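> One file: query28.csv (CSV, C-alpha atoms and all ligand atoms).
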chain,number,residue,atom,x,y,z
A,1,MET,CA,-51.1,-102.5,-158.1
A,2,ASP,CA,-49.9,-105.0,-155.4
A,3,TYR,CA,-53.2,-106.8,-154.8
A,4,THR,CA,-51.7,-109.3,-152.3
A,5,SER,CA,-50.7,-106.5,-150.0
A,6,ILE,CA,-54.0,-104.7,-150.5
A,7,ILE,CA,-55.9,-107.8,-149.5
A,8,ASN,CA,-53.7,-108.5,-146.5
A,9,LYS,CA,-54.2,-104.9,-145.3
A,10,LEU,CA,-58.0,-105.2,-145.7
A,11,ILE,CA,-58.0,-108.5,-143.7
A,12,ASP,CA,-55.8,-107.1,-141.0
A,13,TYR,CA,-58.0,-104.1,-140.7
A,14,THR,CA,-61.2,-106.2,-140.5
A,15,ARG,CA,-59.6,-108.4,-137.8
A,16,SER,CA,-58.8,-105.3,-135.7
A,17,LEU,CA,-62.5,-104.4,-135.5
A,18,PRO,CA,-64.6,-105.4,-132.5
A,19,ILE,CA,-67.0,-107.6,-134.5
A,20,ASN,CA,-69.3,-110.0,-132.7
A,21,CYS,CA,-71.0,-111.2,-135.8
A,22,ALA,CA,-71.3,-109.7,-139.2
A,23,LEU,CA,-74.2,-110.1,-141.6
A,24,ALA,CA,-73.5,-110.0,-145.4
A,25,ALA,CA,-76.3,-109.5,-147.8
A,26,ILE,CA,-75.1,-111.2,-151.0
A,27,SER,CA,-76.6,-110.5,-154.4
A,28,GLY,CA,-74.4,-113.0,-156.3
A,29,GLY,CA,-72.6,-110.1,-158.0
A,30,VAL,CA,-68.9,-109.7,-157.8
A,31,ASP,CA,-69.0,-106.7,-155.3
A,32,SER,CA,-71.0,-108.2,-152.5
A,33,THR,CA,-69.6,-111.7,-152.9
A,34,THR,CA,-65.9,-110.5,-152.9
A,35,SER,CA,-66.6,-108.3,-149.8
A,36,ALA,CA,-68.1,-111.3,-148.0
A,37,VAL,CA,-65.3,-113.7,-149.0
A,38,LEU,CA,-62.8,-111.1,-147.8
A,39,VAL,CA,-64.5,-110.6,-144.4
A,40,ARG,CA,-64.8,-114.4,-144.0
A,41,ARG,CA,-61.1,-114.7,-144.5
A,42,ALA,CA,-60.7,-112.3,-141.6
A,43,ILE,CA,-63.4,-113.5,-139.1
A,44,GLY,CA,-64.4,-117.0,-140.3
A,45,ASP,CA,-67.8,-118.2,-139.2
A,46,ARG,CA,-68.6,-115.0,-137.4
A,47,LEU,CA,-69.7,-113.9,-140.9
A,48,ARG,CA,-73.3,-114.9,-141.8
A,49,ALA,CA,-74.3,-114.6,-145.4
A,50,ILE,CA,-77.8,-114.3,-146.7
A,51,PHE,CA,-79.5,-113.7,-150.1
A,52,ILE,CA,-82.7,-111.7,-149.9
A,53,ASP,CA,-85.2,-112.7,-152.5
A,54,THR,CA,-87.0,-109.3,-153.1
A,55,GLY,CA,-89.2,-110.7,-155.8
A,56,PHE,CA,-87.4,-108.4,-158.2
A,57,MET,CA,-84.8,-111.0,-159.3
A,58,ARG,CA,-84.4,-112.7,-162.6
A,59,SER,CA,-85.9,-116.1,-163.3
A,60,ASN,CA,-84.7,-118.7,-160.8
A,61,GLU,CA,-81.9,-116.3,-159.7
A,62,PRO,CA,-82.0,-117.1,-155.9
A,63,ASN,CA,-81.3,-120.8,-156.4
A,64,GLN,CA,-78.7,-120.1,-159.2
A,65,VAL,CA,-76.8,-117.8,-156.9
A,66,LYS,CA,-76.9,-120.3,-154.0
A,67,SER,CA,-75.5,-123.1,-156.2
A,68,LEU,CA,-72.8,-120.8,-157.8
A,69,LEU,CA,-71.6,-120.0,-154.3
A,70,SER,CA,-71.7,-123.5,-152.9
A,71,GLY,CA,-68.1,-124.3,-151.9
A,72,VAL,CA,-67.2,-120.6,-151.6
A,73,LEU,CA,-69.6,-119.2,-149.1
A,74,PRO,CA,-72.6,-120.9,-147.4
A,75,ILE,CA,-75.7,-118.7,-147.9
A,76,ASN,CA,-79.3,-118.8,-146.7
A,77,ILE,CA,-82.1,-117.5,-148.9
A,78,VAL,CA,-84.6,-115.3,-147.2
A,79,ASP,CA,-87.8,-114.9,-149.2
A,80,LEU,CA,-89.3,-111.5,-148.7
A,81,HIS,CA,-91.1,-111.0,-152.0
A,82,ASP,CA,-94.6,-110.4,-150.4
A,83,TYR,CA,-93.2,-107.6,-148.2
A,84,PHE,CA,-91.5,-105.9,-151.2
A,85,TYR,CA,-94.5,-106.3,-153.5
A,86,ARG,CA,-96.9,-105.0,-150.8
A,87,GLU,CA,-94.9,-101.9,-150.3
A,88,MET,CA,-93.6,-101.1,-153.8
A,89,LEU,CA,-96.3,-102.0,-156.4
A,90,GLY,CA,-97.9,-98.9,-157.8
A,91,ILE,CA,-94.9,-96.5,-157.4
A,92,ASP,CA,-94.0,-94.7,-160.6
A,93,ASP,CA,-91.3,-92.2,-159.9
A,94,ALA,CA,-87.7,-93.6,-160.4
A,95,GLU,CA,-86.2,-92.0,-157.3
A,96,GLU,CA,-89.2,-92.8,-155.2
A,97,LYS,CA,-88.8,-96.5,-156.1
A,98,ARG,CA,-85.1,-96.3,-155.2
A,99,VAL,CA,-85.6,-94.5,-151.9
A,100,LYS,CA,-88.5,-96.8,-150.9
A,101,PHE,CA,-86.5,-99.9,-151.9
A,102,ARG,CA,-83.5,-98.8,-149.8
A,103,GLY,CA,-85.7,-98.2,-146.7
A,104,LEU,CA,-87.4,-101.6,-147.0
A,105,PHE,CA,-84.1,-103.4,-147.7
A,106,TYR,CA,-82.3,-102.1,-144.7
A,107,THR,CA,-85.3,-102.4,-142.4
A,108,ALA,CA,-85.4,-106.1,-143.3
A,109,LEU,CA,-81.6,-106.4,-142.8
A,110,SER,CA,-81.8,-104.7,-139.5
A,111,ARG,CA,-84.4,-107.2,-138.3
A,112,ILE,CA,-82.4,-110.2,-139.5
A,113,ALA,CA,-79.1,-108.9,-138.1
A,114,ASN,CA,-80.8,-108.4,-134.7
A,115,GLU,CA,-82.3,-111.9,-134.8
A,116,LEU,CA,-78.8,-113.3,-135.5
A,117,GLY,CA,-77.1,-111.1,-132.9
A,118,CYS,CA,-75.0,-109.4,-135.7
A,119,ASP,CA,-73.7,-106.0,-134.9
A,120,TRP,CA,-72.1,-105.3,-138.3
A,121,LEU,CA,-73.3,-105.3,-141.9
A,122,VAL,CA,-70.9,-106.2,-144.7
A,123,GLN,CA,-71.7,-104.8,-148.0
A,124,GLY,CA,-70.2,-104.5,-151.5
A,125,THR,CA,-70.4,-100.8,-152.0
A,126,ILE,CA,-67.7,-99.6,-154.5
A,127,ALA,CA,-66.5,-96.2,-155.5
A,128,PRO,CA,-68.9,-95.4,-158.4
A,129,ASP,CA,-71.9,-96.3,-156.1
A,130,TRP,CA,-71.3,-93.5,-153.6
A,131,ILE,CA,-69.8,-91.0,-156.1
A,132,GLU,CA,-73.0,-91.1,-158.2
A,133,THR,CA,-75.3,-91.2,-155.2
A,134,LYS,CA,-73.5,-88.2,-153.6
A,135,GLY,CA,-73.5,-86.4,-156.9
A,136,GLY,CA,-77.3,-86.7,-157.0
A,137,ILE,CA,-77.4,-88.8,-160.1
A,138,LYS,CA,-79.4,-91.6,-158.5
A,139,THR,CA,-80.0,-93.1,-155.1
A,140,GLN,CA,-78.0,-96.3,-155.2
A,141,HIS,CA,-79.6,-98.8,-152.8
A,142,ASN,CA,-76.4,-99.6,-150.9
A,143,VAL,CA,-75.2,-96.1,-150.1
A,144,LEU,CA,-76.0,-95.0,-146.6
A,145,GLU,CA,-73.1,-93.5,-144.6
A,146,GLN,CA,-71.9,-91.4,-147.5
A,147,VAL,CA,-75.2,-89.6,-147.7
A,148,GLY,CA,-75.4,-89.0,-144.0
A,149,ILE,CA,-77.5,-92.0,-142.8
A,150,ASP,CA,-76.4,-93.1,-139.4
A,151,THR,CA,-76.8,-96.9,-139.5
A,152,VAL,CA,-76.2,-97.4,-135.8
A,153,SER,CA,-79.1,-95.3,-134.6
A,154,ARG,CA,-81.4,-96.2,-137.5
A,155,TYR,CA,-80.7,-99.9,-138.0
A,156,ARG,CA,-78.5,-101.0,-135.1
A,157,PHE,CA,-75.5,-102.2,-137.1
A,158,LYS,CA,-72.2,-100.7,-138.1
A,159,LEU,CA,-71.2,-100.8,-141.7
A,160,LEU,CA,-68.2,-102.6,-143.1
A,161,GLU,CA,-67.5,-101.8,-146.8
A,162,PRO,CA,-64.1,-103.2,-147.6
A,163,LEU,CA,-64.3,-102.3,-151.3
A,164,ARG,CA,-65.6,-98.8,-151.0
A,165,GLU,CA,-62.6,-97.1,-152.5
A,166,PHE,CA,-62.2,-99.4,-155.5
A,167,TYR,CA,-63.6,-99.5,-159.0
A,168,LYS,CA,-65.1,-102.5,-160.7
A,169,ASP,CA,-62.0,-103.6,-162.6
A,170,GLN,CA,-60.0,-103.5,-159.4
A,171,VAL,CA,-62.7,-105.4,-157.6
A,172,ARG,CA,-62.5,-108.1,-160.2
A,173,GLU,CA,-58.7,-108.4,-159.7
A,174,ILE,CA,-59.2,-108.7,-155.9
A,175,ALA,CA,-61.8,-111.4,-156.5
A,176,ARG,CA,-59.4,-113.3,-158.6
A,177,TYR,CA,-56.8,-113.2,-155.9
A,178,LEU,CA,-59.4,-114.5,-153.4
A,179,SER,CA,-60.3,-117.4,-155.8
A,180,VAL,CA,-63.9,-116.2,-156.2
A,181,PRO,CA,-65.3,-118.4,-159.0
A,182,GLY,CA,-65.0,-117.1,-162.6
A,183,GLU,CA,-68.8,-117.2,-163.1
A,184,ILE,CA,-69.2,-114.7,-160.3
A,185,ILE,CA,-66.4,-112.5,-161.4
A,186,ASN,CA,-67.7,-112.3,-164.9
A,187,ARG,CA,-71.4,-112.0,-163.9
A,188,GLN,CA,-72.8,-108.8,-165.3
A,189,PRO,CA,-73.8,-106.2,-162.7
A,190,PHE,CA,-77.4,-106.3,-161.6
A,191,PRO,CA,-78.9,-103.4,-159.6
A,192,GLY,CA,-80.0,-104.0,-156.0
A,193,PRO,CA,-83.6,-102.9,-156.7
A,194,GLY,CA,-83.4,-105.4,-159.6
A,195,LEU,CA,-86.3,-105.6,-162.1
A,196,SER,CA,-88.3,-103.0,-160.1
A,197,ILE,CA,-86.2,-100.3,-161.8
A,198,ARG,CA,-86.3,-102.0,-165.2
A,199,ALA,CA,-90.1,-102.2,-165.1
A,200,VAL,CA,-90.0,-98.5,-166.0
A,201,GLY,CA,-92.8,-96.2,-164.7
A,202,THR,CA,-95.6,-97.5,-162.6
A,203,LEU,CA,-94.6,-100.8,-161.0
A,204,THR,CA,-97.0,-103.6,-161.6
A,205,MET,CA,-96.8,-107.4,-161.4
A,206,GLU,CA,-97.6,-107.7,-165.1
A,207,LYS,CA,-94.8,-105.3,-166.1
A,208,LEU,CA,-92.4,-107.2,-163.9
A,209,ASP,CA,-93.4,-110.4,-165.6
A,210,VAL,CA,-93.0,-108.9,-169.1
A,211,VAL,CA,-89.5,-107.6,-168.3
A,212,ARG,CA,-88.5,-110.9,-166.6
A,213,LYS,CA,-89.4,-112.9,-169.7
A,214,ALA,CA,-87.7,-110.4,-172.1
A,215,THR,CA,-84.6,-110.4,-169.9
A,216,GLU,CA,-84.2,-114.1,-170.2
A,217,ILE,CA,-84.1,-113.9,-174.0
A,218,VAL,CA,-81.8,-110.9,-174.2
A,219,GLU,CA,-79.4,-112.2,-171.6
A,220,LYS,CA,-79.2,-115.5,-173.5
A,221,ARG,CA,-78.9,-114.1,-177.0
A,222,LEU,CA,-76.4,-111.4,-176.3
A,223,GLY,CA,-74.4,-113.4,-173.7
A,224,GLU,CA,-71.5,-114.4,-175.9
A,225,LEU,CA,-70.5,-111.0,-177.3
A,226,GLY,CA,-68.1,-109.9,-174.5
A,227,LEU,CA,-70.4,-107.0,-173.5
A,228,SER,CA,-70.2,-105.3,-170.1
A,229,GLN,CA,-73.9,-105.3,-169.5
A,230,TRP,CA,-76.9,-106.5,-171.6
A,231,PHE,CA,-80.5,-106.6,-170.5
A,232,ALA,CA,-84.1,-105.7,-171.2
A,233,ALA,CA,-86.4,-103.0,-169.8
A,234,ALA,CA,-90.1,-102.6,-170.3
A,235,TRP,CA,-92.8,-100.0,-170.1
A,236,GLU,CA,-96.2,-99.1,-171.6
A,237,PHE,CA,-96.2,-98.6,-175.3
A,238,LYS,CA,-97.8,-95.1,-175.1
A,239,VAL,CA,-96.2,-92.6,-177.5
A,240,SER,CA,-97.0,-89.2,-179.0
A,241,HIS,CA,-95.5,-88.0,-182.3
A,242,ASN,CA,-92.9,-85.2,-182.1
A,243,ASP,CA,-92.7,-83.1,-185.2
A,244,GLU,CA,-89.8,-81.0,-184.2
A,245,ILE,CA,-87.5,-84.0,-183.5
A,246,THR,CA,-88.8,-85.7,-186.7
A,247,LYS,CA,-87.8,-82.7,-188.8
A,248,SER,CA,-84.3,-82.5,-187.2
A,249,LEU,CA,-83.7,-86.1,-188.3
A,250,GLY,CA,-84.3,-85.3,-192.0
A,251,GLN,CA,-80.7,-85.8,-193.3
A,252,LEU,CA,-80.3,-89.2,-191.5
A,253,GLY,CA,-82.9,-91.1,-193.4
A,254,ARG,CA,-86.7,-91.5,-193.6
A,255,LEU,CA,-87.2,-91.4,-189.9
A,256,SER,CA,-89.9,-90.2,-187.5
A,257,ALA,CA,-89.7,-89.5,-183.8
A,258,GLU,CA,-92.2,-90.2,-181.0
A,259,LEU,CA,-91.9,-89.6,-177.2
A,260,PHE,CA,-92.9,-92.3,-174.7
A,261,SER,CA,-95.1,-91.3,-171.8
A,262,ILE,CA,-92.6,-92.5,-169.2
A,263,ARG,CA,-89.4,-90.7,-168.2
A,264,ALA,CA,-85.9,-92.1,-167.7
A,265,THR,CA,-82.7,-91.0,-166.0
A,266,GLY,CA,-79.6,-89.6,-167.6
A,267,VAL,CA,-76.5,-87.6,-166.8
A,268,LYS,CA,-76.0,-84.1,-168.2
A,269,GLY,CA,-72.8,-82.4,-167.2
A,270,ASP,CA,-72.3,-83.9,-163.8
A,271,ALA,CA,-75.9,-83.8,-162.8
A,272,ARG,CA,-78.8,-86.1,-162.9
A,273,SER,CA,-81.6,-85.6,-165.5
A,274,TYR,CA,-85.0,-87.3,-165.7
A,275,GLY,CA,-86.1,-86.7,-169.3
A,276,HIS,CA,-88.1,-88.2,-172.1
A,277,VAL,CA,-87.4,-91.4,-173.9
A,278,ALA,CA,-87.5,-91.0,-177.7
A,279,LEU,CA,-88.5,-93.7,-180.1
A,280,ILE,CA,-87.1,-93.4,-183.7
A,281,ARG,CA,-88.8,-95.4,-186.4
A,282,GLY,CA,-88.0,-95.8,-190.1
A,283,GLU,CA,-85.2,-96.3,-192.5
A,284,PRO,CA,-81.8,-94.8,-191.7
A,285,THR,CA,-79.5,-93.8,-194.7
A,286,ARG,CA,-77.3,-96.7,-193.6
A,287,TRP,CA,-77.5,-99.0,-190.6
A,288,ASP,CA,-74.7,-97.4,-188.6
A,289,THR,CA,-76.6,-94.1,-188.7
A,290,ILE,CA,-78.7,-95.4,-185.8
A,291,TYR,CA,-75.7,-95.0,-183.6
A,292,GLU,CA,-75.5,-91.3,-184.5
A,293,LEU,CA,-79.1,-90.5,-183.7
A,294,TYR,CA,-78.7,-89.9,-179.9
A,295,ASP,CA,-76.4,-86.9,-180.2
A,296,LEU,CA,-78.7,-84.9,-182.3
A,297,VAL,CA,-81.7,-85.7,-180.2
A,298,THR,CA,-80.3,-85.5,-176.6
A,299,SER,CA,-78.3,-82.4,-177.2
A,300,ARG,CA,-81.3,-80.3,-178.3
A,301,TYR,CA,-84.3,-81.8,-176.5
A,302,ASP,CA,-85.2,-82.9,-173.0
A,303,VAL,CA,-84.5,-86.5,-173.9
A,304,THR,CA,-82.2,-88.9,-172.0
A,305,HIS,CA,-82.5,-92.2,-174.0
A,306,VAL,CA,-83.0,-92.6,-177.7
A,307,ILE,CA,-84.3,-96.0,-178.9
A,308,TYR,CA,-84.4,-97.2,-182.5
A,309,GLU,CA,-87.4,-99.4,-183.2
A,310,LEU,CA,-86.6,-102.9,-184.5
A,311,ALA,CA,-89.9,-104.6,-184.6
A,312,GLU,CA,-93.5,-103.9,-183.9
A,313,ARG,CA,-96.9,-105.7,-184.1
A,314,GLY,CA,-100.2,-103.8,-184.1
A,315,ARG,CA,-101.4,-105.0,-180.7
A,316,GLY,CA,-100.0,-105.4,-177.2
A,317,LYS,CA,-99.5,-103.2,-174.2
A,318,TYR,CA,-95.7,-103.0,-173.7
A,319,PHE,CA,-92.6,-101.8,-175.3
A,320,VAL,CA,-89.3,-103.7,-174.6
A,321,SER,CA,-85.9,-102.0,-174.9
A,322,ILE,CA,-82.8,-104.0,-175.5
A,323,ARG,CA,-79.9,-102.3,-173.6
A,324,ALA,CA,-76.3,-103.2,-174.1
A,325,VAL,CA,-73.2,-101.3,-173.1
A,326,VAL,CA,-69.4,-101.7,-173.1
A,327,THR,CA,-67.5,-100.0,-170.3
A,328,ASP,CA,-64.6,-100.4,-167.9
A,329,ASP,CA,-65.8,-98.4,-164.9
A,330,PHE,CA,-69.6,-98.0,-165.4
A,331,MET,CA,-69.2,-94.3,-164.9
A,332,THR,CA,-69.3,-93.8,-168.7
A,333,ALA,CA,-70.4,-96.4,-171.2
A,334,ASP,CA,-70.5,-97.0,-175.0
A,335,VAL,CA,-73.2,-98.7,-177.0
A,336,PRO,CA,-71.8,-101.6,-179.0
A,337,ARG,CA,-72.5,-101.4,-182.7
A,338,LEU,CA,-74.4,-104.7,-183.0
A,339,SER,CA,-75.5,-105.9,-186.4
A,340,ARG,CA,-78.9,-105.3,-187.7
A,341,ASP,CA,-79.5,-109.1,-188.2
A,342,LYS,CA,-78.5,-109.9,-184.7
A,343,LEU,CA,-80.8,-107.3,-183.2
A,344,LEU,CA,-83.7,-108.2,-185.4
A,345,GLU,CA,-83.4,-111.8,-184.5
A,346,VAL,CA,-83.5,-111.0,-180.7
A,347,ALA,CA,-86.4,-108.5,-181.2
A,348,LYS,CA,-88.4,-111.1,-183.1
A,349,GLU,CA,-87.8,-113.7,-180.4
A,350,VAL,CA,-89.0,-111.2,-177.7
A,351,LEU,CA,-92.1,-110.4,-179.7
A,352,ASP,CA,-92.9,-114.0,-180.5
A,353,ASN,CA,-92.4,-115.1,-176.9
A,354,ASP,CA,-94.9,-112.7,-175.3
A,355,ASP,CA,-98.1,-111.3,-176.9
A,356,ARG,CA,-98.2,-108.5,-174.4
A,357,VAL,CA,-95.2,-107.0,-176.1
A,358,ALA,CA,-96.2,-104.6,-178.9
A,359,GLY,CA,-92.8,-103.3,-179.9
A,360,VAL,CA,-89.0,-103.8,-179.4
A,361,GLY,CA,-86.2,-101.4,-179.9
A,362,TYR,CA,-82.4,-101.0,-179.3
A,363,ASP,CA,-81.3,-98.2,-176.9
A,364,VAL,CA,-78.5,-96.4,-178.8
A,365,THR,CA,-77.6,-93.9,-176.1
A,366,PRO,CA,-74.2,-94.0,-174.4
A,367,LYS,CA,-73.6,-92.8,-170.8
A,368,PRO,CA,-73.6,-89.8,-170.7
A,369,PRO,CA,-76.1,-88.5,-171.7
A,370,ALA,CA,-78.1,-91.6,-170.6
A,371,THR,CA,-77.5,-93.7,-167.6
A,372,ILE,CA,-77.1,-97.5,-168.1
A,373,GLU,CA,-80.3,-98.2,-166.3
A,374,TYR,CA,-83.5,-96.3,-166.9
A,375,GLU,CA,-84.4,-95.4,-163.3
B,1,LIG,P1,-76.3,-96.3,-164.1
B,1,LIG,O1,-77.7,-96.6,-164.4
B,1,LIG,O2,-76.1,-95.3,-163.0
B,1,LIG,O3,-75.6,-97.7,-163.6
B,1,LIG,O4,-75.5,-95.9,-165.3
B,1,LIG,C1,-74.2,-97.9,-163.4
B,1,LIG,C2,-74.0,-99.3,-162.9
B,1,LIG,O5,-74.6,-99.4,-161.6
B,1,LIG,C3,-75.6,-100.4,-161.6
B,1,LIG,N1,-76.6,-100.0,-160.6
B,1,LIG,C4,-76.8,-100.4,-159.4
B,1,LIG,N2,-76.1,-101.4,-158.7
B,1,LIG,N3,-77.5,-101.0,-156.8
B,1,LIG,C5,-76.5,-101.6,-157.4
B,1,LIG,O6,-75.9,-102.5,-156.7
B,1,LIG,C6,-78.2,-100.0,-157.5
B,1,LIG,O7,-79.2,-99.5,-156.9
B,1,LIG,C7,-77.8,-99.8,-158.8
B,1,LIG,N4,-78.3,-98.9,-159.8
B,1,LIG,C8,-77.5,-99.1,-160.9
B,1,LIG,C9,-76.0,-100.5,-163.0
B,1,LIG,O8,-76.6,-101.8,-163.3
B,1,LIG,C10,-74.7,-100.3,-163.8
B,1,LIG,O9,-74.0,-101.5,-163.8
Take the structure from the file and write it as structure tokens.
Ligand code: XMP


Amino acid sequence: MDYTSIINKLIDYTRSLPINCALAAISGGVDSTTSAVLVRRAIGDRLRAIFIDTGFMRSNEPNQVKSLLSGVLPINIVDLHDYFYREMLGIDDAEEKRVKFRGLFYTALSRIANELGCDWLVQGTIAPDWIETKGGIKTQHNVLEQVGIDTVSRYRFKLLEPLREFYKDQVREIARYLSVPGEIINRQPFPGPGLSIRAVGTLTMEKLDVVRKATEIVEKRLGELGLSQWFAAAWEFKVSHNDEITKSLGQLGRLSAELFSIRATGVKGDARSYGHVALIRGEPTRWDTIYELYDLVTSRYDVTHVIYELAERGRGKYFVSIRAVVTDDFMTADVPRLSRDKLLEVAKEVLDNDDRVAGVGYDVTPKPPATIEYE
């Protein structure tokens, strides 16, 4: 692909638009940053970039992003965590969280755009975002027009999505051509609703704190392995034994199956599913067998994610799942076959670091039948 000519066309197109001022909401990820850098090339200082601190970010993320972008794009941090907490704590359904987050996010952006006199909003929507939202797999926070939301009447801005037809690997190429710093290009994706959808099930401050701490460890420990995405998710450690699934695992080792009380998203065929999360405990015949468990379980039962337990202590309220995937386009993803020693080491550190955590496991489910995130 001729990226120079693609970029020139995008810049020319942006210049041809009647833009008074455009607001860009940056997350620090490659999609939103590249979109903003591209639009800045076209309209200069008429682009105003902000970073909204929703309270669902990782430790110290707002300041980190600001310093990563210094020299590329001046941004202002807008701290709205009280507003998001007030409206979102207590929600337990995955789609309800996503729809609520989207409403709050754009209401805030509309207010800020109006204050600044901006009549356009630049955002980093890319092809898989709207394909999956339109396909009903999940409500991605940054998909509006494609699902029939008229932003002019609802939020008083027009949308500019220069990367909407591209996939992640293409966006990374465009970013390279635009000299976006390598740290941003290679930053792993982080969903707009952030940790709110990784604190699975009912959203509480405590669960957010547990997942934030576990995330720090998992991101640090798995950071050098060349993975596409690696993170932690947390939910209540409430399980019930499942005899039928346990029996079906007979030939794979001395294993038992439990189902958690929460549900998580998956993709079956081309449709969304919201099923159980299975926890498999015990000794597999050989270590690699854990990577075969998901097929047996998800093909026969209403289960979207299968997690192999790595470590447990008798007390504590939460379970932490280590999630890692390898993928080119994020539409499908494989689970890397990490070694037992590595995973046990990370699991132990997560347990030792937080006595609210009662158990830690590794999610062994590719996409499909799971999604990368849990909600
Ligand atoms: P799933 O969970 O659908 O995720 O397999 C695919 C990719 O999309 C990211 N993701 C999001 N990104 N806003 C975003 O900007 C969102 O609402 C959102 N939800 C999921 C996810 O982290 C993965 O990279």

> Calculate, to one decimal in Å, the centre and edge lengths of the box along x, y and z of the file that holds all listed atoms of ligand LIG 1 (chain B) with 6 Å of margin on each side, and present them as lines of an AutoDock Vina configuration file.


center_x = -76.6
center_y = -98.9
center_z = -161.0
size_x = 17.2
size_y = 19.2
size_z = 20.6

> Could you list, as number ranges by chain, every residue within 8 Å of Thr202 in chain A, counting all atoms listed in the file and ignoring same-chain residues fewer than 6 positions away?

A: 89-93

> Write out as a list in words which residues come within 7 Å of range 226-231 of chain A when counting all atoms listed in the file, dropping same-chain ones fewer than 5 positions away.

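Non-adjacent residues within range: Gln188, Pro189, Thr215, Val218, Glu219, Ile322, Arg323, Ala324, Val325, Val326 and Thr327 of chain A.
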
> Please provide the set of residues having any atom within 12 Å of Tyr85 in chain A, restricted to all atoms listed in the file, with same-chain residues fewer than 4 positions apart removed, written as a list in words.

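The residues that qualify are Asp53, Thr54, Gly55, Phe56, Asp79, Leu80, His81, Leu89, Gly90, Ile91, Lys97, Lys100, Phe101, Leu104, Pro193, Leu195, Ser196, Leu203, Thr204, Met205 and Leu208 of chain A.
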
> Could you give me, as a PyMOL selection string, the residues within 10 Å of Asn114 in chain A, counting only C-alpha atoms and dropping anything in the same chain fewer than 4 positions from it?

chain A and resi 23+109-110+118-120+155-157

> Tell me, as a tab-separated table (two decimals) with C-alpha atoms, in the frame of the given file, which residues lie within 9 Å of Asp354 in chain A, counting all atoms listed in the file; anything in the same chain fewer than 4 positions away does not count.


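That gives us selection03.tsv:
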chain	number	residue	atom	x	y	z
A	210	VAL	CA	-93.00	-108.90	-169.10
A	213	LYS	CA	-89.40	-112.90	-169.70
A	214	ALA	CA	-87.70	-110.40	-172.10
A	349	GLU	CA	-87.80	-113.70	-180.40
A	350	VAL	CA	-89.00	-111.20	-177.70
A	358	ALA	CA	-96.20	-104.60	-178.90
